[in-house]
$ cat run31.cif   # mmCIF, C-alpha atoms and all ligand atoms
data_structure
loop_
_atom_site.label_atom_id
_atom_site.label_comp_id
_atom_site.auth_asym_id
_atom_site.auth_seq_id
_atom_site.Cartn_x
_atom_site.Cartn_y
_atom_site.Cartn_z
CA MET S 1 6.37 -25.96 -0.16
CA ASP S 2 6.28 -22.50 1.42
CA ILE S 3 3.07 -20.60 1.94
CA LEU S 4 3.61 -18.19 -0.98
CA ALA S 5 4.28 -21.01 -3.39
CA HIS S 6 1.28 -22.96 -2.10
CA THR S 7 -1.12 -20.01 -2.33
CA MET S 8 0.20 -19.04 -5.79
CA GLU S 9 -0.24 -22.55 -7.09
CA LYS S 10 -3.68 -23.10 -5.60
CA LYS S 11 -4.89 -19.52 -6.29
CA ILE S 12 -5.67 -18.84 -2.64
CA PRO S 13 -6.15 -15.13 -1.78
CA PHE S 14 -3.51 -15.22 0.95
CA ALA S 15 -3.45 -11.43 1.57
CA VAL S 16 -6.38 -9.09 0.96
CA GLN S 17 -6.56 -5.33 1.48
CA ILE S 18 -9.93 -3.71 2.14
CA ASN S 19 -10.12 0.07 1.99
CA LEU S 20 -13.03 0.81 4.28
CA THR S 21 -13.53 4.46 3.30
CA ARG S 22 -12.30 7.19 0.96
CA ARG S 23 -12.93 9.85 3.59
CA CYS S 24 -9.97 11.44 5.32
CA ASN S 25 -9.39 14.14 7.92
CA LEU S 26 -6.03 15.18 6.40
CA ARG S 27 -5.25 16.81 3.05
CA CYS S 28 -1.92 15.23 2.12
CA ILE S 29 -0.52 16.82 -1.03
CA HIS S 30 0.45 13.50 -2.62
CA CYS S 31 -2.65 11.47 -1.69
CA CYS S 32 -3.84 9.20 -4.48
CA VAL S 33 -7.44 9.11 -3.24
CA GLU S 34 -9.41 11.45 -5.49
CA LYS S 35 -9.15 15.24 -5.05
CA ARG S 36 -7.76 17.21 -2.17
CA ASP S 37 -10.48 19.80 -2.09
CA GLY S 38 -13.55 19.65 0.14
CA GLU S 39 -16.31 17.22 -0.80
CA ARG S 40 -14.59 15.57 -3.76
CA ARG S 41 -11.56 14.73 -1.67
CA ILE S 42 -13.85 13.26 0.93
CA GLY S 43 -15.45 11.23 -1.85
CA LYS S 44 -18.68 9.31 -1.83
CA THR S 45 -20.86 9.59 1.22
CA PRO S 46 -20.77 6.86 3.83
CA ASP S 47 -24.06 5.53 2.38
CA HIS S 48 -22.05 4.12 -0.51
CA GLU S 49 -19.52 2.45 1.75
CA LEU S 50 -19.96 -1.19 2.63
CA ASN S 51 -21.76 -1.35 5.96
CA LEU S 52 -20.78 -3.50 8.92
CA GLU S 53 -23.14 -6.30 7.99
CA GLU S 54 -21.81 -6.40 4.42
CA ILE S 55 -18.22 -6.32 5.62
CA ASN S 56 -18.77 -9.14 8.09
CA ARG S 57 -20.30 -11.25 5.31
CA ILE S 58 -17.29 -10.49 3.07
CA LEU S 59 -14.90 -11.42 5.88
CA GLU S 60 -16.63 -14.79 6.21
CA GLN S 61 -16.25 -15.35 2.46
CA LEU S 62 -12.57 -14.37 2.58
CA ALA S 63 -11.95 -16.75 5.49
CA GLU S 64 -13.62 -19.53 3.54
CA ALA S 65 -11.43 -18.71 0.50
CA GLY S 66 -8.30 -19.15 2.64
CA CYS S 67 -7.26 -15.54 3.22
CA LEU S 68 -4.87 -15.24 6.17
CA VAL S 69 -3.62 -11.64 6.16
CA LEU S 70 -6.17 -8.84 6.15
CA THR S 71 -5.15 -5.20 5.72
CA LEU S 72 -7.65 -2.49 6.61
CA SER S 73 -6.96 0.90 5.09
CA GLY S 74 -8.64 4.04 3.70
CA GLY S 75 -8.88 7.09 3.29
CA GLU S 76 -8.46 7.33 7.02
CA VAL S 77 -9.72 4.08 8.43
CA LEU S 78 -10.37 5.55 11.90
CA LEU S 79 -13.22 7.58 10.40
CA ARG S 80 -15.15 4.31 10.36
CA GLU S 81 -16.94 4.30 13.68
CA ASP S 82 -17.33 0.54 13.41
CA LEU S 83 -13.60 -0.12 12.84
CA ILE S 84 -13.12 -1.92 16.15
CA ASP S 85 -16.20 -4.10 15.51
CA ILE S 86 -14.76 -5.01 12.10
CA ILE S 87 -11.36 -5.89 13.57
CA ARG S 88 -12.99 -7.88 16.38
CA TYR S 89 -14.95 -9.97 13.91
CA ALA S 90 -11.88 -10.42 11.69
CA ARG S 91 -9.93 -11.71 14.68
CA THR S 92 -12.68 -14.21 15.57
CA LEU S 93 -12.16 -15.54 12.02
CA ASP S 94 -8.42 -15.80 12.77
CA PHE S 95 -7.14 -13.25 10.28
CA ALA S 96 -3.79 -11.62 11.00
CA VAL S 97 -4.93 -7.99 10.86
CA LYS S 98 -2.90 -4.95 9.79
CA VAL S 99 -4.26 -1.42 9.98
CA PHE S 100 -2.97 1.50 7.86
CA THR S 101 -3.69 4.91 9.41
CA ASN S 102 -2.43 8.48 9.58
CA GLY S 103 -2.42 8.05 13.36
CA THR S 104 -4.17 11.31 14.25
CA LEU S 105 -7.55 9.93 15.33
CA LEU S 106 -6.42 7.19 17.70
CA GLY S 107 -7.74 7.58 21.23
CA THR S 108 -7.20 5.47 24.35
CA LYS S 109 -10.23 3.34 23.43
CA GLU S 110 -8.82 2.42 19.99
CA ILE S 111 -5.27 1.85 21.24
CA ASP S 112 -6.56 -0.42 24.05
CA ALA S 113 -8.64 -2.36 21.52
CA PHE S 114 -5.65 -2.72 19.15
CA GLN S 115 -3.67 -4.17 22.04
CA LYS S 116 -6.40 -6.56 23.20
CA LEU S 117 -7.14 -7.74 19.67
CA HIS S 118 -3.45 -8.45 18.99
CA LEU S 119 -3.13 -6.64 15.68
CA GLN S 120 -0.27 -7.94 13.62
CA GLU S 121 0.96 -4.42 12.87
CA VAL S 122 -0.21 -0.82 12.63
CA HIS S 123 1.31 1.16 9.76
CA VAL S 124 1.40 4.91 10.37
CA SER S 125 2.26 7.57 7.79
CA LEU S 126 4.88 10.05 9.00
CA TYR S 127 6.62 12.42 6.61
CA ALA S 128 9.19 14.19 8.77
CA ALA S 129 10.75 14.45 12.19
CA ASN S 130 10.02 18.16 11.92
CA ALA S 131 6.40 19.06 12.72
CA LYS S 132 6.28 21.97 10.30
CA ILE S 133 7.43 19.91 7.33
CA HIS S 134 5.04 17.05 8.18
CA ASP S 135 2.08 19.40 8.68
CA GLY S 136 2.98 21.18 5.44
CA ILE S 137 2.51 17.86 3.63
CA THR S 138 -0.69 16.82 5.48
CA GLY S 139 -2.18 20.30 5.20
CA VAL S 140 -3.37 20.14 8.83
CA PRO S 141 -1.47 21.99 11.56
CA GLY S 142 -1.00 19.87 14.69
CA SER S 143 -1.18 16.55 12.82
CA TRP S 144 2.49 15.66 13.48
CA GLU S 145 2.05 16.08 17.21
CA LYS S 146 -1.01 13.81 17.34
CA THR S 147 0.56 11.16 15.13
CA VAL S 148 3.82 10.99 17.07
CA LYS S 149 2.01 10.98 20.44
CA ASN S 150 -0.17 8.08 19.30
CA ILE S 151 2.76 6.09 17.92
CA ARG S 152 4.42 6.51 21.32
CA GLN S 153 1.28 5.35 23.13
CA MET S 154 0.91 2.31 20.90
CA ARG S 155 4.53 1.36 21.48
CA GLU S 156 4.04 1.73 25.25
CA LYS S 157 1.23 -0.81 24.96
CA GLY S 158 3.52 -3.17 23.05
CA ILE S 159 1.70 -2.74 19.72
CA SER S 160 3.91 -3.35 16.71
CA VAL S 161 4.12 -0.14 14.66
CA LYS S 162 5.74 0.54 11.32
CA ILE S 163 6.27 4.14 10.23
CA LYS S 164 5.75 4.55 6.50
CA CYS S 165 7.41 7.55 4.92
CA PRO S 166 6.92 8.36 1.26
CA VAL S 167 10.03 10.32 0.24
CA MET S 168 9.28 13.40 -1.86
CA ARG S 169 10.95 16.66 -2.84
CA GLN S 170 9.31 18.22 0.21
CA ASN S 171 10.86 15.82 2.77
CA ILE S 172 13.98 14.40 1.12
CA LYS S 173 16.15 16.00 3.81
CA GLU S 174 14.06 14.41 6.57
CA TYR S 175 14.13 10.69 5.93
CA ARG S 176 17.25 10.00 8.02
CA LYS S 177 15.70 11.95 10.89
CA VAL S 178 12.49 9.94 10.52
CA TYR S 179 14.60 6.81 10.79
CA ASP S 180 16.17 8.11 14.03
CA LEU S 181 12.76 9.04 15.42
CA ALA S 182 11.38 5.60 14.54
CA THR S 183 14.33 4.02 16.35
CA ASP S 184 13.67 6.19 19.44
CA LEU S 185 10.01 5.20 19.37
CA GLY S 186 10.82 1.51 18.93
CA ALA S 187 8.93 1.42 15.62
CA GLY S 188 9.88 -0.10 12.29
CA CYS S 189 10.36 2.20 9.36
CA ALA S 190 9.95 1.93 5.59
CA PHE S 191 10.63 4.56 2.94
CA ASP S 192 9.11 4.71 -0.51
CA PRO S 193 10.17 7.06 -3.32
CA VAL S 194 7.35 5.98 -5.65
CA ILE S 195 4.59 8.59 -5.40
CA THR S 196 1.59 7.38 -7.38
CA MET S 197 -0.91 9.35 -9.44
CA ARG S 198 -4.37 10.16 -8.12
CA ASP S 199 -7.12 7.62 -8.66
CA ASP S 200 -9.12 10.09 -10.77
CA GLY S 201 -6.33 10.06 -13.36
CA ASN S 202 -4.66 13.32 -12.27
CA LYS S 203 -0.87 13.06 -12.54
CA ASP S 204 -0.02 16.25 -10.63
CA THR S 205 1.36 14.19 -7.72
CA LEU S 206 4.16 12.85 -9.92
CA ASN S 207 5.81 16.28 -9.67
CA TYR S 208 6.57 15.48 -6.03
CA ARG S 209 8.86 12.58 -6.97
CA ILE S 210 12.46 13.30 -6.05
CA ALA S 211 15.03 14.20 -8.71
CA GLN S 212 16.90 11.35 -10.42
CA GLU S 213 20.21 12.29 -8.75
CA ASP S 214 18.52 12.27 -5.32
CA LEU S 215 16.99 8.89 -6.09
CA GLN S 216 20.42 7.55 -6.96
CA MET S 217 21.75 8.97 -3.69
CA VAL S 218 19.02 7.47 -1.46
CA LEU S 219 19.33 4.09 -3.13
CA GLN S 220 22.94 3.99 -1.90
CA ASP S 221 21.95 4.80 1.67
CA PRO S 222 21.52 1.74 3.95
CA VAL S 223 19.17 3.79 6.14
CA PHE S 224 16.78 3.95 3.19
CA TYR S 225 16.45 0.19 3.47
CA GLY S 226 15.80 0.30 7.19
CA GLY S 227 19.42 0.43 8.37
CA GLU S 228 20.21 -2.20 10.98
CA LYS S 229 16.55 -3.22 11.07
CA GLY S 230 17.06 -4.30 7.47
CA GLU S 231 13.53 -3.55 6.30
CA ARG S 232 12.91 -3.14 2.60
CA PRO S 233 10.94 -0.17 1.36
CA GLU S 234 7.41 -1.12 0.38
CA ASN S 235 7.67 0.11 -3.15
CA ILE S 236 6.68 -1.36 -6.47
CA SER S 237 9.13 -4.21 -6.11
CA CYS S 238 6.92 -7.12 -5.16
CA LEU S 239 9.04 -10.03 -4.05
CA ILE S 240 6.79 -12.52 -5.68
CA THR S 241 8.13 -11.60 -9.11
CA GLU S 242 11.55 -12.70 -7.93
CA ILE S 243 10.12 -16.09 -7.00
CA TYR S 244 7.82 -16.64 -9.99
CA ASP S 245 9.39 -14.86 -12.87
CA ASP S 246 6.88 -16.12 -15.41
CA VAL S 247 3.82 -14.36 -13.92
CA LEU S 248 3.52 -10.56 -13.92
CA CYS S 249 3.31 -10.40 -10.12
CA SER S 250 1.12 -11.67 -7.31
CA ALA S 251 -1.91 -9.52 -8.26
CA GLY S 252 -4.93 -11.77 -8.74
CA HIS S 253 -2.87 -14.88 -7.97
CA ASN S 254 -2.69 -14.76 -4.19
CA ILE S 255 -3.54 -11.16 -3.34
CA CYS S 256 -6.40 -8.81 -4.10
CA TYR S 257 -8.03 -5.53 -3.11
CA ILE S 258 -11.59 -4.60 -2.14
CA SER S 259 -12.79 -0.99 -2.49
CA PRO S 260 -15.00 0.87 0.03
CA GLU S 261 -17.95 0.18 -2.29
CA GLY S 262 -17.24 -3.54 -2.65
CA GLU S 263 -15.38 -3.68 -5.99
CA VAL S 264 -12.79 -6.44 -6.21
CA ASN S 265 -9.52 -5.60 -8.02
CA PRO S 266 -6.47 -7.89 -8.48
CA CYS S 267 -4.34 -5.45 -6.40
CA VAL S 268 -4.68 -2.04 -4.78
CA GLN S 269 -2.31 -0.79 -7.50
CA LEU S 270 -4.25 -2.46 -10.29
CA PRO S 271 -7.71 -0.86 -10.56
CA ILE S 272 -9.39 -3.38 -12.81
CA ASN S 273 -12.90 -3.84 -11.48
CA SER S 274 -13.43 -7.59 -11.56
CA GLY S 275 -16.87 -7.58 -9.95
CA ASN S 276 -18.78 -6.15 -7.00
CA LEU S 277 -19.37 -8.02 -3.76
CA ARG S 278 -22.87 -6.56 -3.63
CA ASP S 279 -23.68 -8.53 -6.80
CA HIS S 280 -21.59 -11.70 -6.42
CA ASP S 281 -19.89 -13.51 -3.60
CA PHE S 282 -16.11 -13.40 -3.33
CA ASN S 283 -15.62 -16.98 -4.43
CA TRP S 284 -17.46 -16.36 -7.70
CA ILE S 285 -15.47 -13.20 -8.52
CA TRP S 286 -12.13 -14.75 -7.57
CA HIS S 287 -12.62 -17.92 -9.62
CA ASN S 288 -14.92 -16.79 -12.46
CA SER S 289 -14.57 -13.10 -13.18
CA PRO S 290 -13.28 -12.74 -16.78
CA ASP S 291 -11.04 -9.83 -15.68
CA MET S 292 -9.48 -11.83 -12.89
CA LEU S 293 -8.94 -14.83 -15.17
CA ASN S 294 -7.43 -12.58 -17.82
CA ILE S 295 -4.85 -11.11 -15.41
CA ARG S 296 -4.05 -14.57 -14.15
CA GLN S 297 -3.15 -15.97 -17.56
CA MET S 298 -0.76 -13.10 -18.42
CA ARG S 299 2.92 -14.01 -18.50
CA MET S 300 6.16 -12.05 -18.65
CA LYS S 301 6.60 -13.14 -22.24
CA ASN S 302 3.44 -11.11 -23.03
CA VAL S 303 5.10 -7.87 -21.88
CA HIS S 304 5.82 -6.05 -25.12
CA GLY S 305 7.00 -2.69 -23.84
CA CYS S 306 10.42 -3.68 -22.57
CA LYS S 307 12.17 -5.38 -25.46
CA ASN S 308 15.97 -5.00 -25.42
CA CYS S 309 15.92 -2.89 -22.26
CA ASP S 310 19.41 -2.27 -20.82
CA TYR S 311 17.97 -1.92 -17.33
CA LEU S 312 15.98 -5.14 -17.24
CA SER S 313 18.06 -6.72 -14.49
CA TRP S 314 17.42 -3.72 -12.19
CA CYS S 315 13.75 -3.49 -12.97
CA ALA S 316 10.86 -4.32 -10.65
CA ARG S 317 8.09 -3.48 -13.08
CA CYS S 318 4.62 -3.14 -11.58
CA PRO S 319 1.85 -3.86 -14.09
CA GLY S 320 -0.52 -1.71 -12.02
CA LEU S 321 1.66 1.37 -12.34
CA ALA S 322 2.27 0.63 -16.03
CA TYR S 323 -1.52 0.52 -16.49
CA LEU S 324 -2.24 3.60 -14.37
CA GLU S 325 0.54 5.89 -15.54
CA ASP S 326 1.27 4.67 -19.03
CA GLY S 327 -2.06 3.11 -20.00
CA ASP S 328 -0.83 -0.39 -20.83
CA LEU S 329 -0.65 -3.28 -18.40
CA LEU S 330 1.86 -5.03 -20.64
CA GLY S 331 3.83 -1.96 -21.69
CA HIS S 332 6.80 -0.29 -20.05
CA SER S 333 6.28 1.50 -16.73
CA SER S 334 7.70 5.03 -16.39
CA ALA S 335 7.93 4.57 -12.62
CA ALA S 336 9.86 1.31 -12.99
CA CYS S 337 12.15 2.84 -15.64
CA TRP S 338 12.90 5.76 -13.30
CA LEU S 339 13.83 3.40 -10.45
CA ALA S 340 15.69 0.89 -12.61
CA LYS S 341 17.82 3.62 -14.19
CA ALA S 342 18.78 4.98 -10.78
CA LYS S 343 19.67 1.50 -9.56
CA GLY S 344 21.51 0.60 -12.75
CA ASN S 345 23.43 3.87 -13.01
CA LYS S 346 24.40 3.61 -9.35
CA THR S 347 25.86 0.17 -9.99
CA LEU S 348 27.53 1.23 -13.23
CA ILE S 349 29.11 4.21 -11.48
CA GLY S 350 30.29 1.82 -8.76
CA GLY S 351 27.98 2.86 -5.91
S1 LIG S 401 0.19 -4.76 -9.38
FE1 LIG S 401 2.15 -3.84 -8.68
S2 LIG S 401 1.88 -3.53 -6.47
FE2 LIG S 401 0.30 -5.01 -7.15
S3 LIG S 401 1.23 -7.03 -6.80
FE3 LIG S 401 1.65 -6.40 -8.91
S4 LIG S 401 3.69 -5.48 -8.83
FE4 LIG S 401 2.88 -5.51 -6.76
S1 LIG S 402 9.77 -1.02 -17.25
FE1 LIG S 402 11.41 0.27 -18.10
S2 LIG S 402 13.29 -0.35 -16.99
FE2 LIG S 402 11.75 -1.94 -16.66
S3 LIG S 402 12.21 -3.45 -18.26
FE3 LIG S 402 10.59 -2.09 -19.06
S4 LIG S 402 11.66 -0.48 -20.21
FE4 LIG S 402 13.18 -1.53 -18.89
#
$ encode --input "run31.cif" --output "structure tokens" --more "lines below"
Ligand code: SF4
Ligand code: SF4
Amino acid sequence: MDILAHTMEKKIPFAVQINLTRRCNLRCIHCCVEKRDGERRIGKTPDHELNLEEINRILEQLAEAGCLVLTLSGGEVLLREDLIDIIRYARTLDFAVKVFTNGTLLGTKEIDAFQKLHLQEVHVSLYAANAKIHDGITGVPGSWEKTVKNIRQMREKGISVKIKCPVMRQNIKEYRKVYDLATDLGAGCAFDPVITMRDDGNKDTLNYRIAQEDLQMVLQDPVFYGGEKGERPENISCLITEIYDDVLCSAGHNICYISPEGEVNPCVQLPINSGNLRDHDFNWIWHNSPDMLNIRQMRMKNVHGCKNCDYLSWCARCPGLAYLEDGDLLGHSSAACWLAKAKGNKTLIGG
């Protein structure tokens, strides 16, 4: 039995993402974390964030629950001054650690620590090979230069880096150049056309999604799937649904998400607060929370929004996006429909 099957069957939280902060030093136009402007964009003060002691306790509970892959993200995770202490403790507990960052705040100290602590991978957001276009998206002049310099330094130290490039109207002409830059830097590369709404319910970001005809075009481009490196974009298509077609997806079965304030959700894309780690330990929430148990018993046959859909075979429906964007976990997902139609039409046209 492979590890995914084993963890699905036994309900082991194989992969957990912890967002350590909502704060960020950039102002990316499409960011899903609250507002862009000033204080609100920065979010709750650090006093509300889990502190190092709380995080270390949670890491121990996750290790006990069988978690193997730990992703640390934000906001901008490098704004946590204790990030290296957190990673060090996670590594003593034998987690494979991934870090998601915008790459601008990495100094020699952090890059050396990443190397010594053998991170599994560092994912860095990069929107263009052109500094002006990238900085136009991040809202901070000079950010491209810092990010690219730090990717280069990490690669020189042998750290595995994956560039993540959301593809929007603003950078649709850049993605092939980002691929070439990633190749030059010796980094992996993954593109994602699915821009998500903000976590305060604002849907303005959806306007940045590329036009349907552009989507159809990029879906026919092997470079979009990582070219020779053959990497799949990290979009709403979660492979687990291809393996277990009776469950909605892996959310709450073998993955989950922990917010900067200690809320546990079934997935980063599925903001159903199933309990807070300041009130309960992880084991209790994972095995007893009514919300977690409810998600876990849902089956594909319960999805009522997709009856007689012509695009079903091209669809990688994400219940989280259906819930966020369309208000119904078991209904149709506009994002999935948009992607499935582009895939289906491409095939029907003979692409
Ligand atoms: S909620 Fe969406 S992103 Fe999360 S595991 Fe399910 S399909 Fe994937
Ligand atoms: S989400 Fe949309 S494309 Fe997917 S099966 Fe439902 S109606 Fe069809």
$ residues_near_ligand --input "run31.cif" --ligand "ligand LIG 402 (chain S)" --cutoff "12 Å" --atoms "only C-alpha atoms and all ligand atoms" --output "VMD selection string"
chain S and resid 236 to 237 248 300 to 301 303 to 323 325 to 326 328 to 345
$ write_last_selection --input "run31.cif" --atoms "C-alpha atoms" --output "mmCIF file, in the coordinates of the input"
data_model
loop_
_atom_site.group_PDB
_atom_site.id
_atom_site.type_symbol
_atom_site.label_atom_id
_atom_site.label_comp_id
_atom_site.auth_asym_id
_atom_site.auth_seq_id
_atom_site.Cartn_x
_atom_site.Cartn_y
_atom_site.Cartn_z
ATOM 1 C CA ILE S 236 6.680 -1.360 -6.470
ATOM 2 C CA SER S 237 9.130 -4.210 -6.110
ATOM 3 C CA LEU S 248 3.520 -10.560 -13.920
ATOM 4 C CA MET S 300 6.160 -12.050 -18.650
ATOM 5 C CA LYS S 301 6.600 -13.140 -22.240
ATOM 6 C CA VAL S 303 5.100 -7.870 -21.880
ATOM 7 C CA HIS S 304 5.820 -6.050 -25.120
ATOM 8 C CA GLY S 305 7.000 -2.690 -23.840
ATOM 9 C CA CYS S 306 10.420 -3.680 -22.570
ATOM 10 C CA LYS S 307 12.170 -5.380 -25.460
ATOM 11 C CA ASN S 308 15.970 -5.000 -25.420
ATOM 12 C CA CYS S 309 15.920 -2.890 -22.260
ATOM 13 C CA ASP S 310 19.410 -2.270 -20.820
ATOM 14 C CA TYR S 311 17.970 -1.920 -17.330
ATOM 15 C CA LEU S 312 15.980 -5.140 -17.240
ATOM 16 C CA SER S 313 18.060 -6.720 -14.490
ATOM 17 C CA TRP S 314 17.420 -3.720 -12.190
ATOM 18 C CA CYS S 315 13.750 -3.490 -12.970
ATOM 19 C CA ALA S 316 10.860 -4.320 -10.650
ATOM 20 C CA ARG S 317 8.090 -3.480 -13.080
ATOM 21 C CA CYS S 318 4.620 -3.140 -11.580
ATOM 22 C CA PRO S 319 1.850 -3.860 -14.090
ATOM 23 C CA GLY S 320 -0.520 -1.710 -12.020
ATOM 24 C CA LEU S 321 1.660 1.370 -12.340
ATOM 25 C CA ALA S 322 2.270 0.630 -16.030
ATOM 26 C CA TYR S 323 -1.520 0.520 -16.490
ATOM 27 C CA GLU S 325 0.540 5.890 -15.540
ATOM 28 C CA ASP S 326 1.270 4.670 -19.030
ATOM 29 C CA ASP S 328 -0.830 -0.390 -20.830
ATOM 30 C CA LEU S 329 -0.650 -3.280 -18.400
ATOM 31 C CA LEU S 330 1.860 -5.030 -20.640
ATOM 32 C CA GLY S 331 3.830 -1.960 -21.690
ATOM 33 C CA HIS S 332 6.800 -0.290 -20.050
ATOM 34 C CA SER S 333 6.280 1.500 -16.730
ATOM 35 C CA SER S 334 7.700 5.030 -16.390
ATOM 36 C CA ALA S 335 7.930 4.570 -12.620
ATOM 37 C CA ALA S 336 9.860 1.310 -12.990
ATOM 38 C CA CYS S 337 12.150 2.840 -15.640
ATOM 39 C CA TRP S 338 12.900 5.760 -13.300
ATOM 40 C CA LEU S 339 13.830 3.400 -10.450
ATOM 41 C CA ALA S 340 15.690 0.890 -12.610
ATOM 42 C CA LYS S 341 17.820 3.620 -14.190
ATOM 43 C CA ALA S 342 18.780 4.980 -10.780
ATOM 44 C CA LYS S 343 19.670 1.500 -9.560
ATOM 45 C CA GLY S 344 21.510 0.600 -12.750
ATOM 46 C CA ASN S 345 23.430 3.870 -13.010
#
$ atom_distance --input "run31.cif" --atom1 "atom CA of Thr21 of chain S" --atom2 "atom CA of Ser259 of chain S"
8.0 Å
$ atom_distance --input "run31.cif" --atom1 "atom CA of Met217 of chain S" --atom2 "atom CA of Cys165 of chain S"
16.8 Å
$ closest_residue --input "run31.cif" --among "S:Asp204, S:Asp94, S:Asp180, S:Glu156" --to "Ala129 of chain S" --atoms "only C-alpha atoms"
S:Asp180
$ residues_around --input "run31.cif" --residues "Val99 of chain S" --least-positions-apart "4" --cutoff "7 Å" --atoms "all atoms listed in the file" --output "ChimeraX atom specification"
/S:71-73,121-123
$ atom_distance --input "run31.cif" --atom1 "atom CA of Ala128 of chain S" --atom2 "atom CA of Arg209 of chain S"
15.8 Å
$ closest_residue --input "run31.cif" --among "S:Ile137, S:Ile18, S:Val223, S:Leu83" --to "Tyr208 of chain S" --atoms "all atoms listed in the file"
S:Ile137
$ closest_residue --input "run31.cif" --among "S:His253, S:His287, S:His6, S:His134" --to "ligand LIG 401 (chain S)" --atoms "only C-alpha atoms and all ligand atoms"
S:His253
$ closest_residue --input "run31.cif" --among "S:Lys132, S:Arg88, S:Arg278, S:Lys11" --to "Gly252 of chain S" --atoms "only C-alpha atoms"
S:Lys11
$ axis_aligned_box --input "run31.cif" --around "ligand LIG 401 (chain S)" --padding-each-side "4 Å" --output "JSON"
{"center_x": 1.9, "center_y": -5.3, "center_z": -7.9, "size_x": 11.5, "size_y": 11.5, "size_z": 10.9}
$ residues_around --input "run31.cif" --residues "Glu263 of chain S" --least-positions-apart "3" --cutoff "10 Å" --atoms "all atoms listed in the file" --output "NGL selection string"
:S and (18 or 257-260 or 271-279 or 285)
$ closest_residue --input "run31.cif" --among "S:Ile12, S:Leu126, S:Leu50, S:Ile55" --to "Gly103 of chain S" --atoms "all atoms listed in the file"
S:Leu126
$ residues_around --input "run31.cif" --residues "Gly139 of chain S" --least-positions-apart "2" --cutoff "8 Å" --atoms "all atoms listed in the file" --output "list in words"
Leu26, Arg27, Cys28, Ile29, Asp135, Gly136, Ile137 and Pro141 of chain S
$ write_last_selection --input "run31.cif" --atoms "C-alpha atoms" --output "short mmCIF file (atom, residue, chain, number, x, y, z; two decimals), keeping the file's coordinate frame"
data_model
loop_
_atom_site.label_atom_id
_atom_site.label_comp_id
_atom_site.auth_asym_id
_atom_site.auth_seq_id
_atom_site.Cartn_x
_atom_site.Cartn_y
_atom_site.Cartn_z
CA LEU S 26 -6.03 15.18 6.40
CA ARG S 27 -5.25 16.81 3.05
CA CYS S 28 -1.92 15.23 2.12
CA ILE S 29 -0.52 16.82 -1.03
CA ASP S 135 2.08 19.40 8.68
CA GLY S 136 2.98 21.18 5.44
CA ILE S 137 2.51 17.86 3.63
CA PRO S 141 -1.47 21.99 11.56
#
$ closest_residue --input "run31.cif" --among "S:Gln269, S:Ser160, S:Gln170, S:Asn302" --to "ligand LIG 401 (chain S)" --atoms "all atoms listed in the file"
S:Gln269
$ residues_around --input "run31.cif" --residues "Asn150 of chain S" --least-positions-apart "5" --cutoff "12 Å" --atoms "all atoms listed in the file" --output "PDB file with C-alpha atoms, in the frame of the given file"
ATOM      1  CA  THR S 101      -3.690   4.910   9.410  1.00  0.00           C
ATOM      2  CA  ASN S 102      -2.430   8.480   9.580  1.00  0.00           C
ATOM      3  CA  GLY S 103      -2.420   8.050  13.360  1.00  0.00           C
ATOM      4  CA  THR S 104      -4.170  11.310  14.250  1.00  0.00           C
ATOM      5  CA  LEU S 105      -7.550   9.930  15.330  1.00  0.00           C
ATOM      6  CA  LEU S 106      -6.420   7.190  17.700  1.00  0.00           C
ATOM      7  CA  GLY S 107      -7.740   7.580  21.230  1.00  0.00           C
ATOM      8  CA  THR S 108      -7.200   5.470  24.350  1.00  0.00           C
ATOM      9  CA  LYS S 109     -10.230   3.340  23.430  1.00  0.00           C
ATOM     10  CA  GLU S 110      -8.820   2.420  19.990  1.00  0.00           C
ATOM     11  CA  ILE S 111      -5.270   1.850  21.240  1.00  0.00           C
ATOM     12  CA  ASP S 112      -6.560  -0.420  24.050  1.00  0.00           C
ATOM     13  CA  VAL S 122      -0.210  -0.820  12.630  1.00  0.00           C
ATOM     14  CA  HIS S 123       1.310   1.160   9.760  1.00  0.00           C
ATOM     15  CA  VAL S 124       1.400   4.910  10.370  1.00  0.00           C
ATOM     16  CA  SER S 125       2.260   7.570   7.790  1.00  0.00           C
ATOM     17  CA  LEU S 126       4.880  10.050   9.000  1.00  0.00           C
ATOM     18  CA  SER S 143      -1.180  16.550  12.820  1.00  0.00           C
ATOM     19  CA  TRP S 144       2.490  15.660  13.480  1.00  0.00           C
ATOM     20  CA  GLU S 145       2.050  16.080  17.210  1.00  0.00           C
ATOM     21  CA  ARG S 155       4.530   1.360  21.480  1.00  0.00           C
ATOM     22  CA  GLU S 156       4.040   1.730  25.250  1.00  0.00           C
ATOM     23  CA  LYS S 157       1.230  -0.810  24.960  1.00  0.00           C
ATOM     24  CA  ILE S 159       1.700  -2.740  19.720  1.00  0.00           C
ATOM     25  CA  VAL S 161       4.120  -0.140  14.660  1.00  0.00           C
ATOM     26  CA  ILE S 163       6.270   4.140  10.230  1.00  0.00           C
ATOM     27  CA  LEU S 185      10.010   5.200  19.370  1.00  0.00           C
ATOM     28  CA  ALA S 187       8.930   1.420  15.620  1.00  0.00           C
TER      29      ALA S 187
END
